[in-house]
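Take a look at the structure set out below.
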Amino acid sequence: MTEIDIEKENKAIAQEYKELLRISYQTLSPTDKKLIRKAFDVAVDAHKEQRRKSGEAYIFHPIAVAKIVASEIGLGATSIAAALLHDVVEDTPITVEDIERLFNPKVAQLVEGLTKISLVQKDLNASMQAENFRKMILTLNDDVRVILIKLADRLHNMQTMDSMAEYKQTKIASETLYIYAPLAHRLGLYNIKSKLEDLGLKYTEPAVYDDIVSKIRETKEQQDAYIKDISEVIKKSLDAENIDYIIKGRPKSIYSIRRKMRAQNVSFDEVYDKFALRIVYKSDPHDEKFIAWKIYSIVTDHYRPSPSRLRDWISSPKSTGYEALHITVMGPKGRWVEVQVRSERMDEIAEKGYAAHYKYKNGATEESGLDTWLNLLREALENQETNAVDFVEDFKMNLYSKEIFVFTPKGEIKSLPKGATSLDFAFSIHSEIGIKTRGTRVNGRLVPLNHELKSGDQVEVITSVNQKPTVNWLEYVTTSRAKNKIKNVLNENTKKIGEEGKELLTRKLKHLKITLNEQVTNELVNFFKLKTSLDLFYRVGIGAIENQQLKDYAAQKSNTFINFFKNKIKRNKDTTAAEDIHKPVISSNYDMLVFGTEHDKLDYKLSQCCNPIPGDDVFGFVTINEGIKVHKKDCPNAIGMQSNYAYRIMSAKWIDSSQEEFKAIINITGMDVLGLTNQLTRVISNNMSVNIQSISLSTDAGIFHGQVAVIVQNNTILKKMINAIKKIDGVDKVTREYRT
């Protein structure tokens, strides 16, 4: 770089620093500014020789992370300093002890927490990515700010991924959708959650992302005009009532539009609430509720509300701390519009989550939903025996779950995840009550322990000192807390038998000239299709695993992976696979799969969860016992696999070869027009190389439903056939079914 370039870069760095201080959500004292300046100087010096893949000076990354921490998450000087220093221990000679000496123990603790997350070894045994997530979640035990700074770090990495290799982009984006976006959601950071989800979609399904973005651009002008019309009507009435407010139009995130399109099997145009109006009003704490319902009354005077779509999170805030009224009304031209009503305080909590929640707490003794959740989380983390992938799946389920509100016999309100049972409720009161639960009454009526609760239910728990959990209880509960407590009680007995089983297994394997160690234990767990080593030892202890089964294991000790690679080496290279795997193939015969950069032809199975057919965008997943399974890139399970088991993912591509046939299931809905069935069968039969395997048609009050199973050679033929069906008079919608 020339001297002019260096000078220019230094000016840009200084400018970024000034911006960081200017946009801070917290009011910074002179001492705070001193701390941040020192952290900035240390970081600039430590990273001076480093550059990012894009070529820019590395220091721009920690500054960008600090800016997100300061303005979007709203944390104070300690966290801003830790964000500036978050990579110095990992990437430079500076140690945690140096940071403690230069700054203070709190900054050092945060930097150490962030370094621990980054330094987890990504070995290829088991799911190290899930283990990585578990360790990251454990840092919540120390200080929730570690996770908040990590979210800022992940957001900036997602915003600057363009220069990375495609496989890295997919892996990082999958991790983001799998765990970081749900974490942001649970910590009340809705803006960051939306950004992470949109960027995640951009790199996992680029074509879908680009399509939605271009359609949003095309319709932006008319959407803006529509929002303006509604706003003008509401403004007149709000002004007449002397309410101090602002109205913002808010488009739905790209990811949430995609989720709706998928969940409801509709096109972009059919997603009816692609935008919302947000009314943010000024109020003192005493009048907050009163003004919110006054605004509700004004909005519904002009536009008819949908009673089933009213969400009152002011009377019962979400456990994330979120408060608002959401009203869905019928706007002009027969279009549904969501109107969100929030005070300035509620709006800050919705935007900043954790930071604003504590700013407004003002020493209140009442525990907030976020505190309660963090305490439950710490309790869950005490149970260290869970398999890492199961732990992360359970944790993730608790992050995104919707809530219901139920009452105790004394009228106290309790928040539970949607789908929770009466036994879950017992454990939510106290684990000792849960363990001794004999029965439950809901609204005065005796119900089974697995009775699913609904909002508004009043629940009473009947206990007995002699009651003990049984294995069946695990099927009666949905919350991680209840599951973990039940498992702990059941495990006490299981552990004793497991210890005896381990000794017995050691002796039995010795006879087969095998030494029991961690690797052999993992192989046996996979061989018997179990989840944990305790399951294995317990089964040996109760005699469920026989000697012959252990002999079978010894005989096939050569790992599935080794056999799989041996087969790969034995195969002759096929010339048809030598085409570039990344080139689009202009052909209707996509019926042979090749894998990896070497374009190898390997044995594989098509997964049943998404039923890929030739021409679909796919990838290979190397399983433990079943070789390679092929999944569609937009398979519901793809994000989890690419995130937890990135090292087992293989790139895959359809190419030309001899013809094969594949099954696809098509669902058709429309109006029951005379002759529709005849036309439908004629169109399918006239399509080249399509055979009808089965057809099921029904009508209900003038609505036609059809399901057709066809045998096709590839995706091109299937798409051609679907387009032809769509043109039939009376047909409204044609979708391809994916089995879950």
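All residue names refer to the structure tokens as shown: chains lettered A, B, ... in order, residues numbered from 1 in each chain, ligands numbered from 1 in order.
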task = Extract, using only C-alpha atoms, all DNA, RNA and protein residues at most 12 Å from A:Ala350, discarding same-chain residues fewer than 2 positions from it, and format them as a PyMOL selection string.
result = chain A and resi 72-74+184-193+280+313+317-318+320-324+340-348+352-357
key: Residues near A:Arg258, cut-off 10 Å, only C-alpha atoms, skip fewer than 3 positions along chain, as a ChimeraX atom specification   = /A:198,201,208-209,212,253-255,261-263,266-268,271
Store the residues picked out above, limited to all heavy atoms, as a short mmCIF file (atom, residue, chain, number, x, y, z; two decimals), in the first residue's frame.
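Done, and the output landed in part.cif:
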data_model
loop_
_atom_site.label_atom_id
_atom_site.label_comp_id
_atom_site.auth_asym_id
_atom_site.auth_seq_id
_atom_site.Cartn_x
_atom_site.Cartn_y
_atom_site.Cartn_z
N ASP A 198 -32.48 -13.12 7.39
CA ASP A 198 -32.44 -12.71 5.98
C ASP A 198 -31.09 -13.07 5.35
O ASP A 198 -31.03 -13.59 4.23
CB ASP A 198 -32.71 -11.21 5.84
CG ASP A 198 -34.18 -10.87 6.05
OD1 ASP A 198 -34.98 -11.80 6.23
OD2 ASP A 198 -34.53 -9.67 6.05
N LEU A 201 -30.79 -16.82 4.82
CA LEU A 201 -31.51 -17.24 3.61
C LEU A 201 -30.72 -16.87 2.36
O LEU A 201 -30.65 -17.65 1.40
CB LEU A 201 -32.89 -16.59 3.58
CG LEU A 201 -33.82 -17.01 2.44
CD1 LEU A 201 -34.23 -18.47 2.59
CD2 LEU A 201 -35.07 -16.13 2.40
N VAL A 208 -33.98 -18.19 -4.13
CA VAL A 208 -35.24 -17.83 -3.46
C VAL A 208 -35.13 -16.42 -2.88
O VAL A 208 -36.02 -15.59 -3.05
CB VAL A 208 -35.56 -18.84 -2.33
CG1 VAL A 208 -36.76 -18.39 -1.51
CG2 VAL A 208 -35.80 -20.22 -2.90
N TYR A 209 -33.99 -16.15 -2.23
CA TYR A 209 -33.75 -14.83 -1.61
C TYR A 209 -33.81 -13.73 -2.67
O TYR A 209 -34.52 -12.73 -2.51
CB TYR A 209 -32.38 -14.84 -0.92
CG TYR A 209 -31.95 -13.51 -0.35
CD1 TYR A 209 -32.33 -13.12 0.93
CD2 TYR A 209 -31.16 -12.62 -1.10
CE1 TYR A 209 -31.94 -11.89 1.46
CE2 TYR A 209 -30.77 -11.40 -0.57
CZ TYR A 209 -31.16 -11.04 0.69
OH TYR A 209 -30.78 -9.83 1.21
N ILE A 212 -37.39 -13.06 -3.97
CA ILE A 212 -38.26 -12.30 -3.05
C ILE A 212 -37.82 -10.84 -3.00
O ILE A 212 -38.65 -9.93 -3.03
CB ILE A 212 -38.26 -12.94 -1.63
CG1 ILE A 212 -38.91 -14.32 -1.67
CG2 ILE A 212 -39.00 -12.04 -0.62
CD1 ILE A 212 -38.81 -15.12 -0.38
N SER A 253 -39.87 -9.25 7.12
CA SER A 253 -38.52 -9.65 6.69
C SER A 253 -38.63 -10.66 5.55
O SER A 253 -39.64 -11.36 5.41
CB SER A 253 -37.76 -10.28 7.86
OG SER A 253 -38.24 -11.57 8.15
N ILE A 254 -37.57 -10.73 4.75
CA ILE A 254 -37.54 -11.65 3.59
C ILE A 254 -37.72 -13.09 4.08
O ILE A 254 -38.46 -13.88 3.49
CB ILE A 254 -36.20 -11.47 2.83
CG1 ILE A 254 -36.10 -10.04 2.30
CG2 ILE A 254 -36.06 -12.48 1.70
CD1 ILE A 254 -34.71 -9.53 2.08
N TYR A 255 -37.06 -13.39 5.19
CA TYR A 255 -37.12 -14.76 5.73
C TYR A 255 -38.53 -15.12 6.18
O TYR A 255 -39.01 -16.22 5.95
CB TYR A 255 -36.14 -14.88 6.90
CG TYR A 255 -36.02 -16.28 7.46
CD1 TYR A 255 -35.18 -17.21 6.86
CD2 TYR A 255 -36.72 -16.67 8.59
CE1 TYR A 255 -35.05 -18.49 7.36
CE2 TYR A 255 -36.60 -17.95 9.12
CZ TYR A 255 -35.76 -18.85 8.50
OH TYR A 255 -35.64 -20.13 9.00
N MET A 261 -44.60 -18.50 2.77
CA MET A 261 -44.81 -19.12 1.46
C MET A 261 -44.71 -20.64 1.58
O MET A 261 -45.49 -21.39 0.99
CB MET A 261 -43.76 -18.61 0.46
CG MET A 261 -44.01 -17.19 -0.02
SD MET A 261 -42.56 -16.46 -0.86
CE MET A 261 -42.42 -17.49 -2.32
N ARG A 262 -43.75 -21.07 2.39
CA ARG A 262 -43.51 -22.50 2.55
C ARG A 262 -44.58 -23.16 3.42
O ARG A 262 -45.13 -24.20 3.06
CB ARG A 262 -42.14 -22.68 3.20
CG ARG A 262 -41.52 -24.01 2.93
CD ARG A 262 -40.15 -24.02 3.56
NE ARG A 262 -39.33 -25.04 2.98
CZ ARG A 262 -38.05 -25.10 3.16
NH1 ARG A 262 -37.44 -24.17 3.85
NH2 ARG A 262 -37.34 -26.07 2.65
N ALA A 263 -44.87 -22.53 4.57
CA ALA A 263 -45.82 -23.13 5.53
C ALA A 263 -47.22 -23.21 4.93
O ALA A 263 -47.93 -24.19 5.13
CB ALA A 263 -45.84 -22.31 6.81
N VAL A 266 -47.97 -21.16 -0.56
CA VAL A 266 -48.51 -20.08 -1.40
C VAL A 266 -47.37 -19.35 -2.12
O VAL A 266 -46.20 -19.49 -1.75
CB VAL A 266 -49.33 -19.07 -0.56
CG1 VAL A 266 -50.56 -19.71 0.01
CG2 VAL A 266 -48.48 -18.45 0.56
N SER A 267 -47.75 -18.57 -3.13
CA SER A 267 -46.75 -17.78 -3.85
C SER A 267 -46.55 -16.45 -3.12
O SER A 267 -47.29 -16.12 -2.19
CB SER A 267 -47.25 -17.49 -5.27
OG SER A 267 -48.38 -16.62 -5.20
N PHE A 268 -45.57 -15.66 -3.58
CA PHE A 268 -45.27 -14.35 -2.97
C PHE A 268 -46.53 -13.48 -2.95
O PHE A 268 -46.84 -12.84 -1.95
CB PHE A 268 -44.15 -13.67 -3.76
CG PHE A 268 -43.84 -12.27 -3.29
CD1 PHE A 268 -42.94 -12.07 -2.24
CD2 PHE A 268 -44.42 -11.15 -3.88
CE1 PHE A 268 -42.65 -10.78 -1.79
CE2 PHE A 268 -44.13 -9.87 -3.45
CZ PHE A 268 -43.23 -9.68 -2.40
N VAL A 271 -49.10 -14.12 -0.10
CA VAL A 271 -48.79 -13.81 1.31
C VAL A 271 -49.47 -12.47 1.59
O VAL A 271 -49.09 -11.45 1.03
CB VAL A 271 -47.26 -13.71 1.55
CG1 VAL A 271 -46.98 -13.28 2.99
CG2 VAL A 271 -46.60 -15.04 1.26
#
request  = Find the spatial neighbours of A:Ala39, counting only C-alpha atoms, within a cut-off of 12 Å - ignore same-chain residues fewer than 6 positions away - and output them as a PyMOL selection string.
outcome  = chain A and resi 17+32-33+45-46+59+62-63+66+77-88+99-100+102-104+107-108+111
Kindly export the residues of the current selection with N, CA, C and O atoms, as a short mmCIF file (atom, residue, chain, number, x, y, z; two decimals), in the first residue's frame.
data_model
loop_
_atom_site.label_atom_id
_atom_site.label_comp_id
_atom_site.auth_asym_id
_atom_site.auth_seq_id
_atom_site.Cartn_x
_atom_site.Cartn_y
_atom_site.Cartn_z
N TYR A 17 -14.18 5.25 14.81
CA TYR A 17 -14.10 5.34 16.28
C TYR A 17 -15.03 6.46 16.79
O TYR A 17 -15.78 6.28 17.75
N ASP A 32 -15.96 6.12 31.04
CA ASP A 32 -16.35 5.14 30.00
C ASP A 32 -15.57 5.40 28.71
O ASP A 32 -15.04 4.48 28.08
N LYS A 33 -15.53 6.68 28.32
CA LYS A 33 -14.85 7.04 27.06
C LYS A 33 -13.36 6.71 27.12
O LYS A 33 -12.76 6.28 26.14
N ASP A 45 -3.34 -1.53 17.68
CA ASP A 45 -1.94 -1.94 17.71
C ASP A 45 -1.80 -3.46 17.52
O ASP A 45 -0.97 -3.93 16.76
N ALA A 46 -2.67 -4.22 18.21
CA ALA A 46 -2.58 -5.69 18.17
C ALA A 46 -2.86 -6.23 16.76
O ALA A 46 -2.26 -7.21 16.32
N ILE A 59 -8.83 -4.37 11.71
CA ILE A 59 -9.40 -3.59 12.82
C ILE A 59 -10.82 -3.12 12.52
O ILE A 59 -11.62 -2.88 13.44
N PRO A 62 -13.47 -5.61 14.43
CA PRO A 62 -13.84 -5.37 15.83
C PRO A 62 -14.56 -4.05 16.07
O PRO A 62 -15.44 -3.96 16.92
N ILE A 63 -14.21 -3.01 15.27
CA ILE A 63 -14.92 -1.73 15.44
C ILE A 63 -16.39 -1.90 15.03
O ILE A 63 -17.30 -1.43 15.72
N ALA A 66 -18.21 -3.68 17.72
CA ALA A 66 -18.43 -2.76 18.86
C ALA A 66 -19.59 -1.80 18.56
O ALA A 66 -20.38 -1.47 19.45
N ALA A 77 -20.08 0.56 28.31
CA ALA A 77 -18.65 0.70 28.01
C ALA A 77 -17.86 -0.60 28.16
O ALA A 77 -16.99 -0.91 27.34
N THR A 78 -18.16 -1.40 29.21
CA THR A 78 -17.43 -2.66 29.43
C THR A 78 -17.58 -3.58 28.22
O THR A 78 -16.61 -4.16 27.73
N SER A 79 -18.83 -3.70 27.75
CA SER A 79 -19.09 -4.58 26.60
C SER A 79 -18.50 -4.02 25.31
O SER A 79 -18.02 -4.77 24.46
N ILE A 80 -18.55 -2.70 25.15
CA ILE A 80 -17.97 -2.07 23.94
C ILE A 80 -16.46 -2.35 23.91
O ILE A 80 -15.90 -2.72 22.87
N ALA A 81 -15.81 -2.20 25.08
CA ALA A 81 -14.36 -2.47 25.16
C ALA A 81 -14.08 -3.94 24.85
O ALA A 81 -13.16 -4.26 24.09
N ALA A 82 -14.89 -4.85 25.41
CA ALA A 82 -14.71 -6.29 25.17
C ALA A 82 -14.91 -6.61 23.69
O ALA A 82 -14.19 -7.45 23.12
N ALA A 83 -15.87 -5.93 23.04
CA ALA A 83 -16.11 -6.16 21.60
C ALA A 83 -14.90 -5.72 20.78
O ALA A 83 -14.49 -6.41 19.84
N LEU A 84 -14.31 -4.59 21.14
CA LEU A 84 -13.11 -4.10 20.43
C LEU A 84 -11.94 -5.08 20.58
O LEU A 84 -11.13 -5.26 19.67
N LEU A 85 -11.90 -5.77 21.74
CA LEU A 85 -10.77 -6.66 22.04
C LEU A 85 -11.10 -8.14 21.79
O LEU A 85 -10.30 -9.00 22.13
N HIS A 86 -12.29 -8.44 21.20
CA HIS A 86 -12.77 -9.83 21.23
C HIS A 86 -11.88 -10.83 20.47
O HIS A 86 -11.92 -12.02 20.75
N ASP A 87 -11.07 -10.34 19.53
CA ASP A 87 -10.21 -11.27 18.77
C ASP A 87 -8.72 -11.20 19.15
O ASP A 87 -7.92 -11.95 18.60
N VAL A 88 -8.34 -10.31 20.09
CA VAL A 88 -6.90 -10.12 20.31
C VAL A 88 -6.23 -11.33 20.96
O VAL A 88 -5.11 -11.68 20.61
N ILE A 99 -4.97 -8.44 29.48
CA ILE A 99 -6.19 -7.61 29.40
C ILE A 99 -6.65 -7.25 30.82
O ILE A 99 -7.04 -6.11 31.08
N GLU A 100 -6.58 -8.22 31.74
CA GLU A 100 -6.98 -7.94 33.12
C GLU A 100 -6.08 -6.86 33.73
O GLU A 100 -6.54 -5.97 34.44
N LEU A 102 -4.29 -4.57 32.00
CA LEU A 102 -4.46 -3.29 31.30
C LEU A 102 -5.83 -2.65 31.59
O LEU A 102 -5.96 -1.43 31.59
N PHE A 103 -6.86 -3.48 31.79
CA PHE A 103 -8.23 -2.96 31.94
C PHE A 103 -8.79 -3.32 33.32
O PHE A 103 -8.44 -2.71 34.30
N ASN A 104 -9.68 -4.33 33.34
CA ASN A 104 -10.24 -4.78 34.62
C ASN A 104 -10.73 -6.22 34.48
O ASN A 104 -10.86 -6.73 33.36
N VAL A 107 -13.81 -6.92 31.91
CA VAL A 107 -13.48 -6.91 30.48
C VAL A 107 -12.73 -8.20 30.13
O VAL A 107 -13.03 -8.86 29.12
N ALA A 108 -11.78 -8.59 31.01
CA ALA A 108 -11.00 -9.82 30.77
C ALA A 108 -11.90 -11.04 30.73
O ALA A 108 -11.75 -11.93 29.88
N VAL A 111 -13.83 -11.13 27.39
CA VAL A 111 -12.94 -11.50 26.28
C VAL A 111 -12.59 -12.99 26.37
O VAL A 111 -12.57 -13.70 25.36
#
task = For A:Lys294, list every protein, DNA or RNA residue within 12 Å, evaluated using only C-alpha atoms, and leave out those in the same chain fewer than 3 positions away; present the list as a ChimeraX atom specification.
result = /A:237-238,241-243,281,287-291,297-301,325,341-342
message = I need the helix (DSSP H, G or I) residues of stretch 29-176 of chain A per DSSP on the backbone, written as a ChimeraX atom specification.
response = /A:30-46,60-72,77-84,88-91,96-102,105-118,128-141,144-159,166-176
